[in-house]
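Trainee: Below you'll find query-v1.pdb; it's PDB, C-alpha atoms.
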ATOM      1  CA  MET A   1       0.000   0.000   0.000
ATOM      2  CA  ASP A   2       1.533   3.263  -1.122
ATOM      3  CA  LEU A   3       0.022   5.236   1.763
ATOM      4  CA  LEU A   4       2.431   3.494   4.141
ATOM      5  CA  ASP A   5       5.319   5.094   2.279
ATOM      6  CA  TYR A   6       4.424   8.417   3.884
ATOM      7  CA  ALA A   7       5.428   9.121   7.468
ATOM      8  CA  PHE A   8       2.358  11.247   8.148
ATOM      9  CA  MET A   9       0.055   8.376   7.131
ATOM     10  CA  GLN A  10       1.962   5.943   9.339
ATOM     11  CA  ARG A  11       1.391   8.312  12.250
ATOM     12  CA  ALA A  12      -2.248   8.813  11.299
ATOM     13  CA  LEU A  13      -2.937   5.069  11.091
ATOM     14  CA  LEU A  14      -1.281   4.424  14.449
ATOM     15  CA  ALA A  15      -3.342   7.208  16.016
ATOM     16  CA  ALA A  16      -6.483   5.821  14.340
ATOM     17  CA  VAL A  17      -5.931   2.346  15.801
ATOM     18  CA  LEU A  18      -5.440   3.778  19.290
ATOM     19  CA  VAL A  19      -8.565   5.907  18.942
ATOM     20  CA  GLY A  20     -10.541   2.899  17.711
ATOM     21  CA  ILE A  21      -9.543   0.987  20.857
ATOM     22  CA  THR A  22      -9.908   3.684  23.482
ATOM     23  CA  ALA A  23     -13.118   5.437  22.430
ATOM     24  CA  PRO A  24     -15.444   2.377  22.616
ATOM     25  CA  ALA A  25     -13.569   1.088  25.688
ATOM     26  CA  VAL A  26     -14.662   4.186  27.604
ATOM     27  CA  GLY A  27     -17.950   4.583  25.767
ATOM     28  CA  ILE A  28     -19.336   1.281  27.028
ATOM     29  CA  TYR A  29     -19.312   2.629  30.595
ATOM     30  CA  LEU A  30     -20.843   5.949  29.542
ATOM     31  CA  VAL A  31     -23.652   4.136  27.726
ATOM     32  CA  GLN A  32     -24.330   1.981  30.793
ATOM     33  CA  ARG A  33     -24.447   5.152  32.931
ATOM     34  CA  ARG A  34     -26.769   6.872  30.438
ATOM     35  CA  GLN A  35     -24.172   9.584  29.853
ATOM     36  CA  ALA A  36     -23.798   9.067  26.133
ATOM     37  CA  LEU A  37     -23.300  12.778  25.417
ATOM     38  CA  MET A  38     -20.622  13.301  28.059
ATOM     39  CA  GLY A  39     -17.883  13.036  25.434
ATOM     40  CA  ASP A  40     -19.510  15.808  23.428
ATOM     41  CA  GLY A  41     -19.509  18.109  26.458
ATOM     42  CA  ILE A  42     -15.876  17.346  27.240
ATOM     43  CA  GLY A  43     -15.014  18.055  23.609
ATOM     44  CA  HIS A  44     -16.413  21.563  23.988
ATOM     45  CA  VAL A  45     -14.325  22.143  27.113
ATOM     46  CA  ALA A  46     -11.195  20.749  25.431
ATOM     47  CA  MET A  47     -11.371  23.549  22.860
ATOM     48  CA  THR A  48     -10.239  25.968  25.568
ATOM     49  CA  GLY A  49      -7.200  23.753  26.176
ATOM     50  CA  VAL A  50      -6.343  23.759  22.471
ATOM     51  CA  GLY A  51      -6.603  27.555  22.350
ATOM     52  CA  LEU A  52      -4.462  27.929  25.466
ATOM     53  CA  GLY A  53      -1.858  25.618  23.970
ATOM     54  CA  PHE A  54      -1.451  27.906  20.964
ATOM     55  CA  LEU A  55      -1.565  31.046  23.110
ATOM     56  CA  LEU A  56       1.116  29.822  25.540
ATOM     57  CA  SER A  57       3.149  27.965  22.885
ATOM     58  CA  TRP A  58       2.665  24.645  24.677
ATOM     59  CA  SER A  59       1.522  21.324  23.274
ATOM     60  CA  PRO A  60      -2.203  21.655  22.421
ATOM     61  CA  VAL A  61      -2.717  17.940  23.134
ATOM     62  CA  TRP A  62      -1.326  18.077  26.673
ATOM     63  CA  MET A  63      -3.005  21.401  27.415
ATOM     64  CA  ALA A  64      -6.318  20.055  26.126
ATOM     65  CA  THR A  65      -5.828  17.005  28.330
ATOM     66  CA  ALA A  66      -5.325  19.143  31.443
ATOM     67  CA  VAL A  67      -8.329  21.373  30.700
ATOM     68  CA  SER A  68     -10.515  18.381  29.774
ATOM     69  CA  VAL A  69      -9.678  16.578  33.006
ATOM     70  CA  LEU A  70     -10.527  19.716  34.978
ATOM     71  CA  GLY A  71     -13.779  20.041  33.052
ATOM     72  CA  ALA A  72     -14.659  16.389  33.675
ATOM     73  CA  VAL A  73     -14.077  16.827  37.409
ATOM     74  CA  LEU A  74     -16.316  19.904  37.405
ATOM     75  CA  MET A  75     -18.995  17.949  35.521
ATOM     76  CA  GLU A  76     -18.957  15.231  38.164
ATOM     77  CA  LEU A  77     -19.124  17.787  40.973
ATOM     78  CA  ILE A  78     -22.074  19.462  39.274
ATOM     79  CA  ARG A  79     -23.769  16.079  38.900
ATOM     80  CA  TRP A  80     -23.285  15.376  42.620
ATOM     81  CA  TYR A  81     -24.225  18.778  44.004
ATOM     82  CA  GLY A  82     -25.924  20.654  41.169
ATOM     83  CA  ARG A  83     -29.479  19.505  41.845
ATOM     84  CA  THR A  84     -31.991  21.710  40.018
ATOM     85  CA  ARG A  85     -29.410  24.151  38.613
ATOM     86  CA  GLY A  86     -27.056  21.477  37.348
ATOM     87  CA  ASP A  87     -28.173  21.624  33.714
ATOM     88  CA  ILE A  88     -27.621  25.392  33.569
ATOM     89  CA  ALA A  89     -24.136  25.062  35.048
ATOM     90  CA  LEU A  90     -23.250  22.342  32.542
ATOM     91  CA  ALA A  91     -24.509  24.458  29.642
ATOM     92  CA  MET A  92     -22.335  27.377  30.754
ATOM     93  CA  LEU A  93     -19.346  25.050  31.112
ATOM     94  CA  PHE A  94     -19.787  23.548  27.638
ATOM     95  CA  TYR A  95     -20.430  26.765  25.725
ATOM     96  CA  GLY A  96     -17.878  28.690  27.770
ATOM     97  CA  GLY A  97     -15.307  26.069  26.798
ATOM     98  CA  MET A  98     -16.117  26.495  23.121
ATOM     99  CA  ALA A  99     -16.031  30.290  23.313
ATOM    100  CA  GLY A 100     -12.762  30.219  25.252
ATOM    101  CA  GLY A 101     -11.133  28.045  22.614
ATOM    102  CA  VAL A 102     -12.128  30.384  19.777
ATOM    103  CA  MET A 103     -10.991  33.454  21.723
ATOM    104  CA  PHE A 104      -7.605  32.073  22.825
ATOM    105  CA  ILE A 105      -6.644  30.689  19.444
ATOM    106  CA  ASN A 106      -7.393  34.018  17.768
ATOM    107  CA  LEU A 107      -5.296  35.829  20.377
ATOM    108  CA  ALA A 108      -2.366  33.470  19.815
ATOM    109  CA  PRO A 109       0.416  34.800  17.532
ATOM    110  CA  THR A 110       0.558  31.553  15.541
ATOM    111  CA  GLY A 111      -3.083  30.574  15.903
ATOM    112  CA  SER A 112      -5.837  30.774  13.307
ATOM    113  CA  ASN A 113      -9.271  29.379  12.601
ATOM    114  CA  ALA A 114      -7.626  26.866  10.281
ATOM    115  CA  ASN A 115      -5.673  25.466  13.249
ATOM    116  CA  LEU A 116      -8.872  25.175  15.264
ATOM    117  CA  THR A 117     -10.716  23.446  12.430
ATOM    118  CA  SER A 118      -8.142  20.646  12.327
ATOM    119  CA  TYR A 119      -8.834  19.948  16.013
ATOM    120  CA  LEU A 120     -12.607  20.251  15.658
ATOM    121  CA  PHE A 121     -12.972  17.801  12.768
ATOM    122  CA  GLY A 122      -9.648  15.941  12.637
ATOM    123  CA  SER A 123      -6.775  16.189  10.174
ATOM    124  CA  LEU A 124      -4.469  13.434   8.964
ATOM    125  CA  SER A 125      -1.612  15.618   7.761
ATOM    126  CA  THR A 126      -1.218  17.477  11.058
ATOM    127  CA  VAL A 127      -0.570  14.455  13.305
ATOM    128  CA  SER A 128       3.024  15.060  14.408
ATOM    129  CA  GLU A 129       5.510  12.774  16.134
ATOM    130  CA  SER A 130       4.941  14.593  19.424
ATOM    131  CA  ASP A 131       1.190  14.073  18.982
ATOM    132  CA  VAL A 132       1.729  10.346  18.464
ATOM    133  CA  THR A 133       3.869  10.146  21.603
ATOM    134  CA  ALA A 134       1.193  11.917  23.639
ATOM    135  CA  ILE A 135      -1.584   9.782  22.135
ATOM    136  CA  CYS A 136       0.295   6.546  22.923
ATOM    137  CA  ALA A 137       0.849   7.572  26.553
ATOM    138  CA  LEU A 138      -2.744   8.676  27.041
ATOM    139  CA  ALA A 139      -4.145   5.595  25.287
ATOM    140  CA  ALA A 140      -2.099   3.333  27.582
ATOM    141  CA  PHE A 141      -3.701   5.038  30.587
ATOM    142  CA  VAL A 142      -7.195   4.584  29.136
ATOM    143  CA  VAL A 143      -6.673   0.879  28.381
ATOM    144  CA  LEU A 144      -5.158   0.283  31.806
ATOM    145  CA  VAL A 145      -8.193   1.802  33.540
ATOM    146  CA  THR A 146     -10.969   0.408  31.338
ATOM    147  CA  VAL A 147      -9.593  -3.137  31.278
ATOM    148  CA  GLY A 148      -7.870  -3.338  34.659
ATOM    149  CA  LEU A 149     -10.864  -1.970  36.586
ATOM    150  CA  ARG A 150     -13.600  -3.331  34.328
ATOM    151  CA  ARG A 151     -15.416  -5.241  37.099
ATOM    152  CA  GLN A 152     -15.545  -2.254  39.442
ATOM    153  CA  LEU A 153     -16.469   0.232  36.717
ATOM    154  CA  PHE A 154     -19.174  -2.072  35.378
ATOM    155  CA  ALA A 155     -20.665  -2.546  38.844
ATOM    156  CA  VAL A 156     -20.854   1.208  39.435
ATOM    157  CA  SER A 157     -22.248   1.827  35.953
ATOM    158  CA  GLN A 158     -25.004  -0.731  36.467
ATOM    159  CA  ASP A 159     -26.180   0.173  39.975
ATOM    160  CA  GLU A 160     -24.451   2.787  42.108
ATOM    161  CA  GLU A 161     -26.419   1.965  45.248
ATOM    162  CA  PHE A 162     -25.616  -1.744  45.084
ATOM    163  CA  ALA A 163     -21.955  -0.953  44.367
ATOM    164  CA  ARG A 164     -21.870   1.355  47.383
ATOM    165  CA  VAL A 165     -23.366  -1.359  49.614
ATOM    166  CA  THR A 166     -20.705  -3.813  48.490
ATOM    167  CA  GLY A 167     -18.019  -1.384  49.637
ATOM    168  CA  LEU A 168     -16.824   0.025  46.317
ATOM    169  CA  PRO A 169     -15.614   3.657  46.316
ATOM    170  CA  VAL A 170     -18.420   4.823  44.037
ATOM    171  CA  ARG A 171     -17.528   8.502  43.870
ATOM    172  CA  ALA A 172     -13.867   7.793  43.209
ATOM    173  CA  LEU A 173     -14.767   5.363  40.414
ATOM    174  CA  ASN A 174     -17.239   7.832  38.898
ATOM    175  CA  LEU A 175     -14.551  10.487  38.950
ATOM    176  CA  LEU A 176     -12.060   8.089  37.368
ATOM    177  CA  THR A 177     -14.553   7.296  34.595
ATOM    178  CA  ALA A 178     -15.029  10.994  33.888
ATOM    179  CA  VAL A 179     -11.274  11.627  33.830
ATOM    180  CA  THR A 180     -10.737   8.640  31.527
ATOM    181  CA  ALA A 181     -13.427   9.965  29.185
ATOM    182  CA  ALA A 182     -11.651  13.333  29.146
ATOM    183  CA  VAL A 183      -8.348  11.687  28.270
ATOM    184  CA  THR A 184     -10.050   9.719  25.498
ATOM    185  CA  VAL A 185     -11.415  12.896  23.948
ATOM    186  CA  THR A 186      -7.917  14.342  23.653
ATOM    187  CA  VAL A 187      -6.614  11.041  22.269
ATOM    188  CA  ALA A 188      -9.219  11.143  19.507
ATOM    189  CA  MET A 189      -9.260  14.825  18.618
ATOM    190  CA  ARG A 190      -6.416  14.658  16.069
ATOM    191  CA  VAL A 191      -8.120  11.877  14.099
ATOM    192  CA  VAL A 192     -11.877  12.294  14.589
ATOM    193  CA  GLY A 193     -12.111  15.834  15.928
ATOM    194  CA  LEU A 194     -13.505  17.251  19.162
ATOM    195  CA  LEU A 195     -17.006  17.716  17.781
ATOM    196  CA  LEU A 196     -17.316  14.151  16.474
ATOM    197  CA  VAL A 197     -15.483  12.068  19.060
ATOM    198  CA  SER A 198     -18.646  11.409  21.084
ATOM    199  CA  ALA A 199     -20.090   9.413  18.180
ATOM    200  CA  LEU A 200     -17.096   7.069  18.190
ATOM    201  CA  MET A 201     -17.491   6.554  21.935
ATOM    202  CA  VAL A 202     -21.189   5.673  21.740
ATOM    203  CA  VAL A 203     -22.216   4.303  18.335
ATOM    204  CA  PRO A 204     -19.844   1.264  18.246
ATOM    205  CA  VAL A 205     -21.186   0.249  21.657
ATOM    206  CA  ALA A 206     -24.775   0.620  20.462
ATOM    207  CA  ALA A 207     -23.918  -1.425  17.373
ATOM    208  CA  ALA A 208     -22.278  -4.164  19.446
ATOM    209  CA  GLN A 209     -25.342  -4.357  21.687
ATOM    210  CA  GLN A 210     -27.374  -5.425  18.662
ATOM    211  CA  LEU A 211     -25.449  -8.701  18.613
ATOM    212  CA  SER A 212     -24.672  -9.359  22.262
ATOM    213  CA  ARG A 213     -26.001  -8.607  25.727
ATOM    214  CA  SER A 214     -22.993  -9.792  27.732
ATOM    215  CA  PHE A 215     -20.536  -7.128  28.817
ATOM    216  CA  ALA A 216     -17.386  -8.959  27.685
ATOM    217  CA  ALA A 217     -18.732  -9.698  24.204
ATOM    218  CA  THR A 218     -20.131  -6.194  23.780
ATOM    219  CA  PHE A 219     -16.770  -4.719  24.829
ATOM    220  CA  ALA A 220     -14.841  -6.865  22.342
ATOM    221  CA  ILE A 221     -17.240  -6.267  19.445
ATOM    222  CA  ALA A 222     -17.360  -2.514  20.093
ATOM    223  CA  VAL A 223     -13.560  -2.250  20.070
ATOM    224  CA  ALA A 224     -13.401  -4.337  16.875
ATOM    225  CA  ILE A 225     -15.916  -2.011  15.232
ATOM    226  CA  GLY A 226     -14.007   1.026  16.476
ATOM    227  CA  VAL A 227     -10.688  -0.153  15.062
ATOM    228  CA  SER A 228     -12.289  -1.182  11.752
ATOM    229  CA  VAL A 229     -14.042   2.128  11.139
ATOM    230  CA  THR A 230     -11.111   4.297  12.191
ATOM    231  CA  ILE A 231      -8.716   2.448   9.881
ATOM    232  CA  GLY A 232     -11.312   2.362   7.098
ATOM    233  CA  GLY A 233     -12.085   6.051   7.508
ATOM    234  CA  THR A 234      -8.416   7.027   7.566
ATOM    235  CA  VAL A 235      -7.624   5.046   4.420
ATOM    236  CA  THR A 236     -10.719   6.390   2.646
ATOM    237  CA  SER A 237      -9.789   9.922   3.647
ATOM    238  CA  TYR A 238      -6.336   9.495   2.096
ATOM    239  CA  TYR A 239      -7.517   8.088  -1.228
ATOM    240  CA  GLN A 240     -10.693  10.131  -1.678
ATOM    241  CA  ASP A 241      -9.477  13.394  -0.084
ATOM    242  CA  VAL A 242     -12.436  13.645   2.294
ATOM    243  CA  PRO A 243     -12.485  14.734   5.968
ATOM    244  CA  PRO A 244     -11.316  11.857   8.186
ATOM    245  CA  GLY A 245     -13.569  12.615  11.164
ATOM    246  CA  ALA A 246     -16.748  12.781   9.121
ATOM    247  CA  THR A 247     -15.792   9.658   7.161
ATOM    248  CA  ILE A 248     -15.126   7.661  10.327
ATOM    249  CA  VAL A 249     -18.418   8.713  11.924
ATOM    250  CA  LEU A 250     -20.427   7.894   8.794
ATOM    251  CA  LEU A 251     -18.783   4.467   8.600
ATOM    252  CA  THR A 252     -19.638   3.934  12.275
ATOM    253  CA  ILE A 253     -23.281   4.796  11.691
ATOM    254  CA  GLY A 254     -23.285   2.506   8.660
ATOM    255  CA  ALA A 255     -21.962  -0.343  10.815
ATOM    256  CA  PHE A 256     -24.716   0.314  13.351
ATOM    257  CA  LEU A 257     -27.427   0.196  10.672
ATOM    258  CA  ALA A 258     -25.986  -2.994   9.145
ATOM    259  CA  LEU A 259     -25.788  -4.785  12.492
ATOM    260  CA  THR A 260     -29.289  -3.625  13.419
ATOM    261  CA  ALA A 261     -30.642  -5.119  10.191
ATOM    262  CA  LEU A 262     -28.732  -8.330  10.896
ATOM    263  CA  ALA A 263     -29.823  -8.561  14.524
ATOM    264  CA  ALA A 264     -33.576  -8.831  13.890
ATOM    265  CA  PRO A 265     -33.527 -12.139  11.931
ATOM    266  CA  LEU A 266     -30.889 -13.535  14.301
ATOM    267  CA  ALA A 267     -33.124 -12.757  17.278
ATOM    268  CA  ARG A 268     -36.101 -14.478  15.618
ATOM    269  CA  ARG A 269     -33.975 -17.517  14.789
ATOM    270  CA  ARG A 270     -32.770 -17.784  18.380
ATOM    271  CA  ALA A 271     -36.318 -17.465  19.675
ATOM    272  CA  ARG A 272     -37.502 -20.280  17.397
ATOM    273  CA  ALA A 273     -34.562 -22.449  18.427
ATOM    274  CA  ALA A 274     -35.290 -21.829  22.108
ATOM    275  CA  ALA A 275     -38.974 -22.674  21.617
ATOM    276  CA  ALA A 276     -38.101 -25.871  19.761
ATOM    277  CA  ALA A 277     -35.704 -26.912  22.522
ATOM    278  CA  GLN A 278     -38.414 -26.784  25.206
ATOM    279  CA  PRO A 279     -40.086 -30.135  26.082
ATOM    280  CA  ALA A 280     -43.539 -30.698  24.630
ATOM    281  CA  GLY A 281     -46.419 -30.144  27.057
ATOM    282  CA  ASP A 282     -50.067 -29.276  27.221
ATOM    283  CA  PRO A 283     -51.170 -26.255  25.245
ATOM    284  CA  ALA A 284     -51.393 -23.107  27.296
ATOM    285  CA  GLU A 285     -55.184 -22.985  27.122
ATOM    286  CA  CYS A 286     -55.450 -26.500  28.576
ATOM    287  CA  ALA A 287     -53.139 -25.909  31.492
ATOM    288  CA  ILE A 288     -54.616 -25.764  34.986
ATOM    289  CA  PRO A 289     -53.942 -22.444  36.714
ATOM    290  CA  ALA A 290     -51.633 -22.792  39.703
ATOM    291  CA  SER A 291     -54.179 -21.088  41.982
ATOM    292  CA  ARG A 292     -56.714 -23.835  41.296
ATOM    293  CA  ALA A 293     -54.454 -26.842  41.060
ATOM    294  CA  GLY A 294     -53.988 -27.119  44.803
ATOM    295  CA  GLY A 295     -57.530 -26.331  45.932
ATOM    296  CA  GLY A 296     -59.713 -28.122  43.378
ATOM    297  CA  GLY A 297     -59.857 -31.427  45.225
ATOM    298  CA  ALA A 298     -60.630 -29.922  48.584
ATOM    299  CA  GLY A 299     -63.994 -28.653  47.440
ATOM    300  CA  VAL A 300     -65.235 -31.982  46.153
TER     301      VAL A 300
END
Show how you would write the structure in this file as structure tokens.
Mentor:
Amino acid sequence: MDLLDYAFMQRALLAAVLVGITAPAVGIYLVQRRQALMGDGIGHVAMTGVGLGFLLSWSPVWMATAVSVLGAVLMELIRWYGRTRGDIALAMLFYGGMAGGVMFINLAPTGSNANLTSYLFGSLSTVSESDVTAICALAAFVVLVTVGLRRQLFAVSQDEEFARVTGLPVRALNLLTAVTAAVTVTVAMRVVGLLLVSALMVVPVAAAQQLSRSFAATFAIAVAIGVSVTIGGTVTSYYQDVPPGATIVLLTIGAFLALTALAAPLARRRARAAAAAQPAGDPAECAIPASRAGGGGAGV
């Protein structure tokens, strides 16, 4: 493949693989917690970090990571203590993050709207060696948390009260999930873009759920879908000269639609197989209700 002859495409493909692994790995916990749009909110906040990176001449990836983590912590605090005003506070945080990013990058001597666009929607040619180093380090952290603490994170995502009764540090694990989601957003922003990363965190998980209900299988299928669409979108972007982030998201939605169409006949086939495996008995209309079976003879 001639695209591998170019160093920038080698970096882009490596970043795409890491994004395809990390985004669904975090997204499965967000979907279980019914926080599917959390990644979108963090992406808005991360824009301030990107703008600050250009303004202060620091790495936009690391600065976006720091600001995203801070934003994720604030989101969790608002969720715990916000009560009735929590949605207003979150809205101000999200839109303030977006406005801050636009303002800072325009104040930066080397910043421009073109720079911001590459972070908003992804750009293959701008993935540098320093970006790859940062993405590898951050992706290692995400995989370590999502795989190493999968039992604890799953328990908290399913039922916080039960997890608290069993002695798990629920608030600490919730905070860790939020921080990991923030790190994932900055991992993905160079390939998918800040405004589209939430789709890659959620849609592969939703697609995997069409085929499996077990956590382990859903996790594996979602990661496989994530890696497939990120590589496919990156390669398509190179050959067809189309935006990588949009291409990856459209491929992800296509995978969801295909698996949804496939899941319906599979579910019917399993239901028929389960019905055929049951032992033959009396038809339902001939069965004696349990409430009468024990007392019928006593009245005779």
Trainee: Counting all atoms listed in the file, figure out which residue out of A:Gln158, A:Thr247, A:Gln10, A:Thr48 gets nearest to Leu70 in chain A.
Mentor: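 Counting all atoms listed in the file, the residue closest to Leu70 in chain A is A:Thr48.
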Trainee: Would you write out, as a list of chain:residue names, every residue that the PyMOL selection byres ((chain A and resi 108) around 8) captures in this file?
Mentor: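 Taken on the displayed file, the PyMOL selection byres ((chain A and resi 108) around 8) yields the residues A:Gly51, A:Phe54, A:Leu55, A:Leu56, A:Phe104, A:Ile105, A:Asn106, A:Leu107, A:Pro109, A:Thr110, A:Gly111, A:Ser112.
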Trainee: Here's the selection I'm unsure about, the PyMOL selection byres ((chain A and resi 87-102) around 10); applied to the file above, which residues does it give, as a PyMOL selection string?
Mentor: chain A and resi 40-54+64+67-68+71+74-75+78-79+82-86+103-107+111-113+116
Trainee: Rounded to one decimal, what separation in Å do you get between CA of Leu173 in chain A and CA of Ile221 in chain A?
Mentor: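 Answer for the CA of Leu173 in chain A to CA of Ile221 in chain A separation: 24.1 Å.
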Trainee: What lies within 9 Å of Val223 in chain A using all atoms listed in the file, ignoring chain neighbours under 6 positions off, as an MDAnalysis selection string?
Mentor: chainID A and resid 20:25 204:205 208
Trainee: Find the spatial neighbours of range 159-171 of chain A, counting all atoms listed in the file, within a cut-off of 12 Å - ignore same-chain residues fewer than 2 positions away - and output them as a PyMOL selection string.
Mentor: chain A and resi 29+32-34+73+76-77+79-80+149+151-157+173-178
Trainee: Determine, counting all atoms listed in the file, which protein, DNA and RNA residues have an atom within 12 Å of an atom of Val197 in chain A; residues of the same chain fewer than 5 positions away are not included. Present the result as a PDB file with C-alpha atoms, keeping the file's coordinate frame.
Mentor:
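Saved as result10.pdb:
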ATOM      1  CA  ALA A  16      -6.483   5.821  14.340  1.00  0.00           C
ATOM      2  CA  VAL A  19      -8.565   5.907  18.942  1.00  0.00           C
ATOM      3  CA  GLY A  20     -10.541   2.899  17.711  1.00  0.00           C
ATOM      4  CA  THR A  22      -9.908   3.684  23.482  1.00  0.00           C
ATOM      5  CA  ALA A  23     -13.118   5.437  22.430  1.00  0.00           C
ATOM      6  CA  PRO A  24     -15.444   2.377  22.616  1.00  0.00           C
ATOM      7  CA  VAL A  26     -14.662   4.186  27.604  1.00  0.00           C
ATOM      8  CA  GLY A  27     -17.950   4.583  25.767  1.00  0.00           C
ATOM      9  CA  ALA A  36     -23.798   9.067  26.133  1.00  0.00           C
ATOM     10  CA  LEU A  37     -23.300  12.778  25.417  1.00  0.00           C
ATOM     11  CA  MET A  38     -20.622  13.301  28.059  1.00  0.00           C
ATOM     12  CA  GLY A  39     -17.883  13.036  25.434  1.00  0.00           C
ATOM     13  CA  ASP A  40     -19.510  15.808  23.428  1.00  0.00           C
ATOM     14  CA  GLY A  41     -19.509  18.109  26.458  1.00  0.00           C
ATOM     15  CA  ILE A  42     -15.876  17.346  27.240  1.00  0.00           C
ATOM     16  CA  GLY A  43     -15.014  18.055  23.609  1.00  0.00           C
ATOM     17  CA  HIS A  44     -16.413  21.563  23.988  1.00  0.00           C
ATOM     18  CA  ALA A  46     -11.195  20.749  25.431  1.00  0.00           C
ATOM     19  CA  TYR A 119      -8.834  19.948  16.013  1.00  0.00           C
ATOM     20  CA  LEU A 120     -12.607  20.251  15.658  1.00  0.00           C
ATOM     21  CA  PHE A 121     -12.972  17.801  12.768  1.00  0.00           C
ATOM     22  CA  GLY A 122      -9.648  15.941  12.637  1.00  0.00           C
ATOM     23  CA  ALA A 181     -13.427   9.965  29.185  1.00  0.00           C
ATOM     24  CA  ALA A 182     -11.651  13.333  29.146  1.00  0.00           C
ATOM     25  CA  VAL A 183      -8.348  11.687  28.270  1.00  0.00           C
ATOM     26  CA  THR A 184     -10.050   9.719  25.498  1.00  0.00           C
ATOM     27  CA  VAL A 185     -11.415  12.896  23.948  1.00  0.00           C
ATOM     28  CA  THR A 186      -7.917  14.342  23.653  1.00  0.00           C
ATOM     29  CA  VAL A 187      -6.614  11.041  22.269  1.00  0.00           C
ATOM     30  CA  ALA A 188      -9.219  11.143  19.507  1.00  0.00           C
ATOM     31  CA  MET A 189      -9.260  14.825  18.618  1.00  0.00           C
ATOM     32  CA  ARG A 190      -6.416  14.658  16.069  1.00  0.00           C
ATOM     33  CA  VAL A 191      -8.120  11.877  14.099  1.00  0.00           C
ATOM     34  CA  VAL A 192     -11.877  12.294  14.589  1.00  0.00           C
ATOM     35  CA  VAL A 202     -21.189   5.673  21.740  1.00  0.00           C
ATOM     36  CA  VAL A 203     -22.216   4.303  18.335  1.00  0.00           C
ATOM     37  CA  PRO A 204     -19.844   1.264  18.246  1.00  0.00           C
ATOM     38  CA  GLY A 226     -14.007   1.026  16.476  1.00  0.00           C
ATOM     39  CA  THR A 230     -11.111   4.297  12.191  1.00  0.00           C
ATOM     40  CA  PRO A 244     -11.316  11.857   8.186  1.00  0.00           C
ATOM     41  CA  GLY A 245     -13.569  12.615  11.164  1.00  0.00           C
ATOM     42  CA  ALA A 246     -16.748  12.781   9.121  1.00  0.00           C
ATOM     43  CA  ILE A 248     -15.126   7.661  10.327  1.00  0.00           C
ATOM     44  CA  VAL A 249     -18.418   8.713  11.924  1.00  0.00           C
ATOM     45  CA  THR A 252     -19.638   3.934  12.275  1.00  0.00           C
TER      46      THR A 252
END
Trainee: Mind pulling up the distance from CA of Asn115 in chain A to CA of Leu195 in chain A?
Mentor: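 So the answer is 14.5 Å.
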Trainee: Could you work out how far CA of Leu14 in chain A lies from CA of Ala134 in chain A, giving the answer in Å with one decimal?
Mentor: 12.1 Å
Trainee: Determine the nearest neighbour of Ile253 in chain A from the options A:Leu266, A:Ala199, A:Val227, A:Ala277, counting all atoms listed in the file.
Mentor: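 Once distances to Ile253 in chain A are computed over all atoms listed in the file, the minimum belongs to A:Ala199.
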Trainee: Centre and edge lengths, as AutoDock Vina command-line options, for the axis-aligned box enclosing every listed atom of range 68-71 of chain A with 3 Å of padding on each of the six sides, in Å to one decimal?
Mentor:
--center_x -11.7 --center_y 18.3 --center_z 32.4 --size_x 10.1 --size_y 9.5 --size_z 11.2
Trainee: Which residue, A:Val17, A:Thr133, A:Asp2, A:Leu194, has the smallest gap to Ser59 in chain A when you use all atoms listed in the file?
Mentor: A:Thr133
Trainee: Rank A:Thr117, A:Thr146, A:Ser130, A:Ser57 by their smallest atom-to-atom distance to Leu30 in chain A, using only C-alpha atoms, and report the top residue only.
Mentor: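 That would be A:Thr146, the residue with the smallest distance to Leu30 in chain A.
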Trainee: Please provide as a PyMOL selection string all residues within 12 Å of Ala263 in chain A, with the sequence filter that same-chain residues fewer than 2 positions apart are discarded (counting only C-alpha atoms).
Mentor: chain A and resi 207-213+255-261+265-270
Trainee: Please write C-alpha atoms of range 71-82 of chain A, from the structure given just now, as an mmCIF file, in the first residue's frame.
Mentor:
data_model
loop_
_atom_site.group_PDB
_atom_site.id
_atom_site.type_symbol
_atom_site.label_atom_id
_atom_site.label_comp_id
_atom_site.auth_asym_id
_atom_site.auth_seq_id
_atom_site.Cartn_x
_atom_site.Cartn_y
_atom_site.Cartn_z
ATOM 1 C CA GLY A 71 -13.779 20.041 33.052
ATOM 2 C CA ALA A 72 -14.659 16.389 33.675
ATOM 3 C CA VAL A 73 -14.077 16.827 37.409
ATOM 4 C CA LEU A 74 -16.316 19.904 37.405
ATOM 5 C CA MET A 75 -18.995 17.949 35.521
ATOM 6 C CA GLU A 76 -18.957 15.231 38.164
ATOM 7 C CA LEU A 77 -19.124 17.787 40.973
ATOM 8 C CA ILE A 78 -22.074 19.462 39.274
ATOM 9 C CA ARG A 79 -23.769 16.079 38.900
ATOM 10 C CA TRP A 80 -23.285 15.376 42.620
ATOM 11 C CA TYR A 81 -24.225 18.778 44.004
ATOM 12 C CA GLY A 82 -25.924 20.654 41.169
#
